[in-house]
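Please read the structure below before turning to the comments.
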Protein chains: 2
Amino acid sequence: MKRVLRSSYRTIRDELLRRISTRVWKPGELIPGEEALAEEFGAARATVNRALQELARTGVVERRRKAGTRVVLHPVREARFVIPLVRQAIEEEGKTYRYRLVASRGERVPGDVAASLGISAGLPLMHVRAMHYADDRPYQFEDRWINLEAVPAARTAPFDVQSPNEWLVENAPFSRATFSFLADRAREEEAVLLELREGDPVLVGERITFLVDRPITFVRLVHPPSHRMVSEL
Amino acid sequence: MKRVLRSSYRTIRDELLRRISTRVWKPGELIPGEEALAEEFGAARATVNRALQELARTGVVERRRKAGTRVVLHPVREARFVIPLVRQAIEEEGKTYRYRLVASRGERVPGDVAASLGISAGLPLMHVRAMHYADDRPYQFEDRWINLEAVPAARTAPFDVQSPNEWLVENAPFSRATFSFLADRAREEEAVLLELREGDPVLVGERITFLVDRPITFVRLVHPPSHRMVSEL
DNA sequence: GAGTGGTCTAGACCACTCA
DNA sequence: GAGTGGTCTAGACCACTCC
């Protein structure tokens with residue numbers, strides 16, 4: 001009987017995944033080497049390698065030279081959340097996006113923000129606060145500090161018509177970023193702008209970006225409690 | 001002069017990334033084809049291909065056959081959050097993990113949970129509630145529903161000594177999952193168990209898992225407001 | 001030292017999509 | 001139809017790590 005099945009790295013990957021998820025190969029177990037699999041599937045070793053690398057990247061198997069490839073014992077799942085521009089996120093939901101600047105001025109940076117950025121407290125940074133609306137309902141409050149030493153042009157940027165988010169994307173590249181998410185109480189100003197009561201729970205995203213260890217910006221993104229961050233895998 | 005630089009796909013990838021982040025190639029711009037880059041770097045096309053594929057995977061460039069490779073216009077950043085077992089997360093912080101079962105019994109599933117799972121309300125599911133502590137301080141409340149049709153063994157599983165989280169990892173493979181995160185008010189039971197006041201903000205993760213479209217489990221994971229989900233990129 | 005995965009090459013054919 | 005990326009092969013050498 002002639003081999004009719006076309007072997008692509010996807011086919012191989014999916015078949016390996018099937019064997020793992022149906023416990024043909026159990027957690028912690030060693031699976032056959034690349035050479036053996038290549039022969040079984042009638043493919044080149046490079047093709048099997050690509051399939052296995054993809055499984056390793058998604059955390060399904062662990063690979064070590066000489067030791068071989070094992071099914072991961074505790075599948076450390078990871079969720080990927082897309083962090084789009086607010087405008088995109090809103091328009092993709094089929095809603096109308098609106099932007100409004102609340103305030104924009106140079107200010108001495110408070111201690112907690114300075115600490116997050118790794119700079120001295122009291123330095124003059126650009127402090128921009130703005131609202132993003134979806135269908136005229138409050139969607140996100142953006143409270144941002146921009147390091148003027150790294151991005152001097154921010155002092156005169158047109159934040160009245162363009163959100164700092166979008167302006168920075170186009171004018172200040174970054175190489176590294178940290179995100180974190182937490183539940184917090186709405187502060188007084190946030191509550192007013194988001195049309196909540198002070199102390200209501202809000203979903204807060206904090207992002208800090210760097211260009212090669214030079215801090216660019218710190219932002220606190222505040223969402224009303226109806227907001228959800230969703231991810232599929 | 002002899003070419004001394006060793007070309008690996010990493011070197012190529014990093015150089016391409018440098019050109020993009022320093023705006024040598026600007027957003028929306030077409031970059032040279034694989035063949036041209038292969039010649040420039042003195043590498044095989046396959047090597048350049050690997051570098052470009054990686055950049056495409058992380059959302060830095062977009063590739064289309066015939067059209068070529070472009071620098072992405074609005075870099076849709078994505079953040080990856082690792083979702084480890086609670087035990088692992090706590091122990092990696094150098095703290096002591098403790099588990100306590102609150103209740104475990106068959107119950108008719110309420111409408112909202114049934115809707116999330118895509119099953120009929122009122123079906124008997126396994127309802128397990130449990131606490132996870134770090135250094136004896138409340139870390140996470142796990143409120144879980146398990147589909148007994150998909151995982152009948154859950155009825156007699158030893159949830160008094162093993163968390164449903166860990167038991168399911170070892171006994172019920174899944175192929176698809178959805179996560180979402182939101183800020184919510186602590187419900188009465190949650191407040192008591194997490195040592196908060198009712199209505200305090202809590203960070204809630206909801207996860208639903210499927211084995212090929214068959215719903216396995218729905219879980220609500222509730223964290224005190226001090227909790228942060230962190231991601232780096 | 002030896003076994004396994006990591007990477008590279010040169011060439012080939014295919015698949016998609018733009019014009 | 002033609003150009004570009006997608007994938008595969010066969011072979012090779014290297015790098016790491018276990019014994």
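So you can find residues: chains in the structure tokens are A, B, ... in the order shown, residues in each start at 1, and ligands are numbered from 1 in order.
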- [ ] Return as a ChimeraX atom specification the residues belonging to chain A that are within 9 Å of chain D, counting only C-alpha atoms (C1' of nucleotides).
- [x] /A:8-9,43-47,64-67
TODO: For chain C, report every residue with an atom at most 7 Å from chain A (counting only C-alpha atoms (C1' of nucleotides)), formatted as a PyMOL selection string.
DONE: chain C and resi 3-5
List every residue of chain B that has an atom at most 7 Å from any atom of chain A, and for each one report the closest atom pair and its distance in Å to one decimal, counting only C-alpha atoms, with rows sorted by chain and then by increasing residue number, as CSV.
residue,atom,partner,partner_atom,distance
B:Ser21,CA,A:Pro173,CA,5.9
B:Val76,CA,A:Pro84,CA,5.0
B:Arg77,CA,A:Ile83,CA,5.2
B:Glu78,CA,A:Val82,CA,4.1
B:Ala79,CA,A:Phe81,CA,5.2
B:Arg80,CA,A:Arg80,CA,4.2
B:Phe81,CA,A:Ala79,CA,5.2
B:Val82,CA,A:Glu78,CA,4.1
B:Ile83,CA,A:Glu78,CA,5.0
B:Pro84,CA,A:Val76,CA,5.0
B:Pro173,CA,A:Ser21,CA,5.7
B:Arg176,CA,A:Leu233,CA,5.5
B:Ala177,CA,A:Leu233,CA,5.1
B:Thr178,CA,A:Glu232,CA,4.4
B:Phe179,CA,A:Ser231,CA,5.2
B:Ser180,CA,A:Val230,CA,4.2
B:Phe181,CA,A:Met229,CA,5.1
B:Leu182,CA,A:Arg228,CA,4.9
B:Ala183,CA,A:Leu203,CA,4.9
B:Asp184,CA,A:Pro201,CA,5.9
B:Arg185,CA,A:Pro201,CA,6.4
B:Pro201,CA,A:Pro201,CA,4.7
B:Val202,CA,A:Ala183,CA,5.6
B:Leu203,CA,A:Ala183,CA,4.9
B:Pro225,CA,A:Ala183,CA,5.4
B:His227,CA,A:Leu182,CA,6.3
B:Arg228,CA,A:Leu182,CA,4.9
B:Met229,CA,A:Phe181,CA,5.1
B:Val230,CA,A:Ser180,CA,4.3
B:Ser231,CA,A:Phe179,CA,5.2
B:Glu232,CA,A:Thr178,CA,4.4
B:Leu233,CA,A:Ala177,CA,5.2
TODO: Determine which residues of region 34-186 of chain B DSSP labels as strand (DSSP E) from the backbone of this structure, then write them out as a PyMOL selection string.
DONE: chain B and resi 61-64+68-71+77-83+97-108+124-134+137-146+176-185
Would you return as a PDB file with N, CA and C atoms, in the first residue's frame the members of region 4-221 of chain B that DSSP assigns to helix (DSSP H, G or I) on this structure's backbone?
ATOM      1  N   TYR B   9      19.814  32.648  12.537  1.00  0.00           N
ATOM      2  CA  TYR B   9      18.522  33.289  12.357  1.00  0.00           C
ATOM      3  C   TYR B   9      18.282  34.317  13.461  1.00  0.00           C
ATOM      4  N   ARG B  10      18.898  34.093  14.610  1.00  0.00           N
ATOM      5  CA  ARG B  10      18.747  35.065  15.690  1.00  0.00           C
ATOM      6  C   ARG B  10      19.416  36.389  15.333  1.00  0.00           C
ATOM      7  N   THR B  11      20.640  36.290  14.820  1.00  0.00           N
ATOM      8  CA  THR B  11      21.363  37.509  14.438  1.00  0.00           C
ATOM      9  C   THR B  11      20.565  38.291  13.413  1.00  0.00           C
ATOM     10  N   ILE B  12      20.063  37.571  12.433  1.00  0.00           N
ATOM     11  CA  ILE B  12      19.301  38.219  11.367  1.00  0.00           C
ATOM     12  C   ILE B  12      18.035  38.838  11.945  1.00  0.00           C
ATOM     13  N   ARG B  13      17.333  38.048  12.773  1.00  0.00           N
ATOM     14  CA  ARG B  13      16.100  38.553  13.370  1.00  0.00           C
ATOM     15  C   ARG B  13      16.363  39.831  14.159  1.00  0.00           C
ATOM     16  N   ASP B  14      17.432  39.818  14.952  1.00  0.00           N
ATOM     17  CA  ASP B  14      17.709  40.984  15.787  1.00  0.00           C
ATOM     18  C   ASP B  14      18.070  42.206  14.949  1.00  0.00           C
ATOM     19  N   GLU B  15      18.816  41.970  13.870  1.00  0.00           N
ATOM     20  CA  GLU B  15      19.183  43.095  13.016  1.00  0.00           C
ATOM     21  C   GLU B  15      17.944  43.673  12.330  1.00  0.00           C
ATOM     22  N   LEU B  16      17.059  42.808  11.878  1.00  0.00           N
ATOM     23  CA  LEU B  16      15.831  43.286  11.244  1.00  0.00           C
ATOM     24  C   LEU B  16      15.004  44.077  12.264  1.00  0.00           C
ATOM     25  N   LEU B  17      14.946  43.539  13.473  1.00  0.00           N
ATOM     26  CA  LEU B  17      14.201  44.215  14.530  1.00  0.00           C
ATOM     27  C   LEU B  17      14.801  45.583  14.822  1.00  0.00           C
ATOM     28  N   ARG B  18      16.129  45.649  14.788  1.00  0.00           N
ATOM     29  CA  ARG B  18      16.798  46.925  15.034  1.00  0.00           C
ATOM     30  C   ARG B  18      16.397  47.940  13.955  1.00  0.00           C
ATOM     31  N   ARG B  19      16.416  47.487  12.714  1.00  0.00           N
ATOM     32  CA  ARG B  19      16.073  48.407  11.629  1.00  0.00           C
ATOM     33  C   ARG B  19      14.630  48.880  11.750  1.00  0.00           C
ATOM     34  N   ILE B  20      13.785  48.018  12.255  1.00  0.00           N
ATOM     35  CA  ILE B  20      12.386  48.427  12.380  1.00  0.00           C
ATOM     36  C   ILE B  20      12.209  49.380  13.554  1.00  0.00           C
ATOM     37  N   SER B  21      12.847  49.059  14.677  1.00  0.00           N
ATOM     38  CA  SER B  21      12.609  49.895  15.862  1.00  0.00           C
ATOM     39  C   SER B  21      13.331  51.227  15.741  1.00  0.00           C
ATOM     40  N   GLU B  34      12.850  37.783   0.765  1.00  0.00           N
ATOM     41  CA  GLU B  34      13.723  36.821   1.432  1.00  0.00           C
ATOM     42  C   GLU B  34      15.025  36.598   0.669  1.00  0.00           C
ATOM     43  N   GLU B  35      14.901  36.516  -0.641  1.00  0.00           N
ATOM     44  CA  GLU B  35      16.085  36.242  -1.464  1.00  0.00           C
ATOM     45  C   GLU B  35      17.133  37.339  -1.286  1.00  0.00           C
ATOM     46  N   ALA B  36      16.655  38.594  -1.357  1.00  0.00           N
ATOM     47  CA  ALA B  36      17.568  39.727  -1.222  1.00  0.00           C
ATOM     48  C   ALA B  36      18.242  39.732   0.149  1.00  0.00           C
ATOM     49  N   LEU B  37      17.448  39.485   1.188  1.00  0.00           N
ATOM     50  CA  LEU B  37      18.013  39.478   2.537  1.00  0.00           C
ATOM     51  C   LEU B  37      19.003  38.330   2.704  1.00  0.00           C
ATOM     52  N   ALA B  38      18.650  37.193   2.119  1.00  0.00           N
ATOM     53  CA  ALA B  38      19.545  36.033   2.207  1.00  0.00           C
ATOM     54  C   ALA B  38      20.908  36.399   1.617  1.00  0.00           C
ATOM     55  N   GLU B  39      20.892  37.100   0.501  1.00  0.00           N
ATOM     56  CA  GLU B  39      22.160  37.484  -0.115  1.00  0.00           C
ATOM     57  C   GLU B  39      22.894  38.481   0.773  1.00  0.00           C
ATOM     58  N   GLU B  40      22.139  39.479   1.281  1.00  0.00           N
ATOM     59  CA  GLU B  40      22.782  40.490   2.110  1.00  0.00           C
ATOM     60  C   GLU B  40      23.476  39.872   3.319  1.00  0.00           C
ATOM     61  N   PHE B  41      22.799  38.927   3.962  1.00  0.00           N
ATOM     62  CA  PHE B  41      23.361  38.355   5.180  1.00  0.00           C
ATOM     63  C   PHE B  41      24.258  37.145   4.896  1.00  0.00           C
ATOM     64  N   ARG B  45      18.055  31.080   2.168  1.00  0.00           N
ATOM     65  CA  ARG B  45      16.728  31.699   2.257  1.00  0.00           C
ATOM     66  C   ARG B  45      15.948  31.130   3.427  1.00  0.00           C
ATOM     67  N   ALA B  46      16.122  29.838   3.686  1.00  0.00           N
ATOM     68  CA  ALA B  46      15.396  29.199   4.785  1.00  0.00           C
ATOM     69  C   ALA B  46      15.719  29.869   6.119  1.00  0.00           C
ATOM     70  N   THR B  47      16.946  30.309   6.263  1.00  0.00           N
ATOM     71  CA  THR B  47      17.359  30.936   7.516  1.00  0.00           C
ATOM     72  C   THR B  47      16.692  32.298   7.666  1.00  0.00           C
ATOM     73  N   VAL B  48      16.717  33.066   6.581  1.00  0.00           N
ATOM     74  CA  VAL B  48      16.026  34.354   6.591  1.00  0.00           C
ATOM     75  C   VAL B  48      14.541  34.116   6.850  1.00  0.00           C
ATOM     76  N   ASN B  49      13.996  33.099   6.218  1.00  0.00           N
ATOM     77  CA  ASN B  49      12.581  32.778   6.394  1.00  0.00           C
ATOM     78  C   ASN B  49      12.259  32.553   7.865  1.00  0.00           C
ATOM     79  N   ARG B  50      13.132  31.819   8.534  1.00  0.00           N
ATOM     80  CA  ARG B  50      12.856  31.544   9.944  1.00  0.00           C
ATOM     81  C   ARG B  50      12.838  32.827  10.763  1.00  0.00           C
ATOM     82  N   ALA B  51      13.795  33.711  10.483  1.00  0.00           N
ATOM     83  CA  ALA B  51      13.843  34.985  11.204  1.00  0.00           C
ATOM     84  C   ALA B  51      12.560  35.777  10.945  1.00  0.00           C
ATOM     85  N   LEU B  52      12.143  35.843   9.692  1.00  0.00           N
ATOM     86  CA  LEU B  52      10.959  36.632   9.345  1.00  0.00           C
ATOM     87  C   LEU B  52       9.691  36.025   9.929  1.00  0.00           C
ATOM     88  N   GLN B  53       9.624  34.696   9.936  1.00  0.00           N
ATOM     89  CA  GLN B  53       8.446  34.056  10.500  1.00  0.00           C
ATOM     90  C   GLN B  53       8.310  34.388  11.974  1.00  0.00           C
ATOM     91  N   GLU B  54       9.443  34.439  12.649  1.00  0.00           N
ATOM     92  CA  GLU B  54       9.382  34.734  14.070  1.00  0.00           C
ATOM     93  C   GLU B  54       8.887  36.162  14.294  1.00  0.00           C
ATOM     94  N   LEU B  55       9.362  37.083  13.463  1.00  0.00           N
ATOM     95  CA  LEU B  55       8.901  38.465  13.580  1.00  0.00           C
ATOM     96  C   LEU B  55       7.417  38.563  13.255  1.00  0.00           C
ATOM     97  N   ALA B  56       6.963  37.748  12.314  1.00  0.00           N
ATOM     98  CA  ALA B  56       5.548  37.772  11.960  1.00  0.00           C
ATOM     99  C   ALA B  56       4.718  37.215  13.117  1.00  0.00           C
ATOM    100  N   ARG B  57       5.254  36.185  13.752  1.00  0.00           N
ATOM    101  CA  ARG B  57       4.529  35.551  14.855  1.00  0.00           C
ATOM    102  C   ARG B  57       4.350  36.520  16.024  1.00  0.00           C
ATOM    103  N   VAL B  86      -1.671  26.937  40.908  1.00  0.00           N
ATOM    104  CA  VAL B  86      -1.580  27.852  42.048  1.00  0.00           C
ATOM    105  C   VAL B  86      -0.398  27.468  42.927  1.00  0.00           C
ATOM    106  N   ARG B  87      -0.278  26.169  43.153  1.00  0.00           N
ATOM    107  CA  ARG B  87       0.813  25.705  44.018  1.00  0.00           C
ATOM    108  C   ARG B  87       2.165  26.205  43.507  1.00  0.00           C
ATOM    109  N   GLN B  88       2.390  26.008  42.215  1.00  0.00           N
ATOM    110  CA  GLN B  88       3.651  26.453  41.625  1.00  0.00           C
ATOM    111  C   GLN B  88       3.858  27.947  41.803  1.00  0.00           C
ATOM    112  N   ALA B  89       2.800  28.713  41.483  1.00  0.00           N
ATOM    113  CA  ALA B  89       2.921  30.165  41.557  1.00  0.00           C
ATOM    114  C   ALA B  89       3.350  30.594  42.957  1.00  0.00           C
ATOM    115  N   ILE B  90       2.747  29.982  43.950  1.00  0.00           N
ATOM    116  CA  ILE B  90       3.037  30.359  45.328  1.00  0.00           C
ATOM    117  C   ILE B  90       4.436  29.921  45.740  1.00  0.00           C
ATOM    118  N   GLU B  91       4.773  28.691  45.373  1.00  0.00           N
ATOM    119  CA  GLU B  91       6.085  28.200  45.781  1.00  0.00           C
ATOM    120  C   GLU B  91       7.212  28.942  45.069  1.00  0.00           C
ATOM    121  N   GLU B  92       6.931  29.407  43.848  1.00  0.00           N
ATOM    122  CA  GLU B  92       7.968  30.174  43.149  1.00  0.00           C
ATOM    123  C   GLU B  92       8.201  31.530  43.804  1.00  0.00           C
ATOM    124  N   GLY B 111     -28.117  28.987  35.955  1.00  0.00           N
ATOM    125  CA  GLY B 111     -28.234  29.401  34.558  1.00  0.00           C
ATOM    126  C   GLY B 111     -26.999  30.051  33.977  1.00  0.00           C
ATOM    127  N   ASP B 112     -26.340  30.946  34.733  1.00  0.00           N
ATOM    128  CA  ASP B 112     -25.212  31.667  34.142  1.00  0.00           C
ATOM    129  C   ASP B 112     -24.041  30.739  33.861  1.00  0.00           C
ATOM    130  N   VAL B 113     -23.801  29.810  34.781  1.00  0.00           N
ATOM    131  CA  VAL B 113     -22.711  28.860  34.565  1.00  0.00           C
ATOM    132  C   VAL B 113     -23.053  27.925  33.398  1.00  0.00           C
ATOM    133  N   ALA B 114     -24.300  27.492  33.366  1.00  0.00           N
ATOM    134  CA  ALA B 114     -24.739  26.616  32.275  1.00  0.00           C
ATOM    135  C   ALA B 114     -24.546  27.301  30.930  1.00  0.00           C
ATOM    136  N   ALA B 115     -24.887  28.585  30.886  1.00  0.00           N
ATOM    137  CA  ALA B 115     -24.739  29.334  29.640  1.00  0.00           C
ATOM    138  C   ALA B 115     -23.268  29.401  29.218  1.00  0.00           C
ATOM    139  N   SER B 116     -22.398  29.645  30.194  1.00  0.00           N
ATOM    140  CA  SER B 116     -20.969  29.706  29.876  1.00  0.00           C
ATOM    141  C   SER B 116     -20.478  28.393  29.305  1.00  0.00           C
ATOM    142  N   LEU B 117     -20.993  27.301  29.848  1.00  0.00           N
ATOM    143  CA  LEU B 117     -20.544  25.992  29.392  1.00  0.00           C
ATOM    144  C   LEU B 117     -21.289  25.538  28.151  1.00  0.00           C
ATOM    145  N   PRO B 152     -16.834  11.693  34.555  1.00  0.00           N
ATOM    146  CA  PRO B 152     -17.606  11.032  35.616  1.00  0.00           C
ATOM    147  C   PRO B 152     -16.772  10.752  36.871  1.00  0.00           C
ATOM    148  N   ALA B 153     -15.477  10.536  36.685  1.00  0.00           N
ATOM    149  CA  ALA B 153     -14.639  10.204  37.837  1.00  0.00           C
ATOM    150  C   ALA B 153     -14.569  11.345  38.842  1.00  0.00           C
ATOM    151  N   ALA B 154     -14.975  12.543  38.420  1.00  0.00           N
ATOM    152  CA  ALA B 154     -14.890  13.693  39.332  1.00  0.00           C
ATOM    153  C   ALA B 154     -15.797  13.509  40.542  1.00  0.00           C
ATOM    154  N   ARG B 155     -16.834  12.653  40.388  1.00  0.00           N
ATOM    155  CA  ARG B 155     -17.783  12.453  41.479  1.00  0.00           C
ATOM    156  C   ARG B 155     -17.108  11.904  42.723  1.00  0.00           C
ATOM    157  N   THR B 156     -16.109  11.070  42.502  1.00  0.00           N
ATOM    158  CA  THR B 156     -15.463  10.416  43.641  1.00  0.00           C
ATOM    159  C   THR B 156     -14.005  10.835  43.804  1.00  0.00           C
ATOM    160  N   PRO B 164      -9.031  20.589  42.949  1.00  0.00           N
ATOM    161  CA  PRO B 164      -9.647  20.211  41.679  1.00  0.00           C
ATOM    162  C   PRO B 164      -8.784  20.641  40.492  1.00  0.00           C
ATOM    163  N   ASN B 165      -8.141  21.763  40.643  1.00  0.00           N
ATOM    164  CA  ASN B 165      -7.198  22.240  39.651  1.00  0.00           C
ATOM    165  C   ASN B 165      -6.189  21.147  39.289  1.00  0.00           C
ATOM    166  N   GLU B 166      -5.486  20.671  40.281  1.00  0.00           N
ATOM    167  CA  GLU B 166      -4.452  19.676  40.030  1.00  0.00           C
ATOM    168  C   GLU B 166      -5.035  18.335  39.607  1.00  0.00           C
ATOM    169  N   TRP B 167      -6.160  17.983  40.211  1.00  0.00           N
ATOM    170  CA  TRP B 167      -6.764  16.701  39.850  1.00  0.00           C
ATOM    171  C   TRP B 167      -7.158  16.685  38.372  1.00  0.00           C
ATOM    172  N   LEU B 168      -7.729  17.786  37.922  1.00  0.00           N
ATOM    173  CA  LEU B 168      -8.167  17.845  36.528  1.00  0.00           C
ATOM    174  C   LEU B 168      -6.982  17.807  35.563  1.00  0.00           C
ATOM    175  N   VAL B 169      -5.912  18.493  35.931  1.00  0.00           N
ATOM    176  CA  VAL B 169      -4.726  18.482  35.072  1.00  0.00           C
ATOM    177  C   VAL B 169      -4.269  17.053  34.824  1.00  0.00           C
ATOM    178  N   GLU B 170      -4.357  16.257  35.879  1.00  0.00           N
ATOM    179  CA  GLU B 170      -3.851  14.889  35.752  1.00  0.00           C
ATOM    180  C   GLU B 170      -4.878  13.920  35.194  1.00  0.00           C
ATOM    181  N   ASN B 171      -6.157  14.301  35.229  1.00  0.00           N
ATOM    182  CA  ASN B 171      -7.168  13.311  34.868  1.00  0.00           C
ATOM    183  C   ASN B 171      -8.117  13.708  33.748  1.00  0.00           C
ATOM    184  N   GLU B 188     -20.467  37.518  49.285  1.00  0.00           N
ATOM    185  CA  GLU B 188     -20.428  37.331  50.727  1.00  0.00           C
ATOM    186  C   GLU B 188     -19.453  36.223  51.140  1.00  0.00           C
ATOM    187  N   GLU B 189     -19.640  35.041  50.519  1.00  0.00           N
ATOM    188  CA  GLU B 189     -18.777  33.922  50.880  1.00  0.00           C
ATOM    189  C   GLU B 189     -17.316  34.227  50.555  1.00  0.00           C
ATOM    190  N   GLU B 190     -17.104  34.850  49.411  1.00  0.00           N
ATOM    191  CA  GLU B 190     -15.740  35.170  48.988  1.00  0.00           C
ATOM    192  C   GLU B 190     -15.079  36.119  49.974  1.00  0.00           C
ATOM    193  N   ALA B 191     -15.841  37.114  50.421  1.00  0.00           N
ATOM    194  CA  ALA B 191     -15.292  38.087  51.362  1.00  0.00           C
ATOM    195  C   ALA B 191     -14.838  37.390  52.643  1.00  0.00           C
ATOM    196  N   VAL B 192     -15.675  36.494  53.149  1.00  0.00           N
ATOM    197  CA  VAL B 192     -15.331  35.797  54.381  1.00  0.00           C
ATOM    198  C   VAL B 192     -14.055  34.982  54.192  1.00  0.00           C
ATOM    199  N   LEU B 193     -14.026  34.198  53.131  1.00  0.00           N
ATOM    200  CA  LEU B 193     -12.897  33.300  52.927  1.00  0.00           C
ATOM    201  C   LEU B 193     -11.604  34.055  52.618  1.00  0.00           C
ATOM    202  N   LEU B 194     -11.723  35.165  51.910  1.00  0.00           N
ATOM    203  CA  LEU B 194     -10.524  35.926  51.530  1.00  0.00           C
ATOM    204  C   LEU B 194     -10.163  36.979  52.576  1.00  0.00           C
TER     205      LEU B 194
END
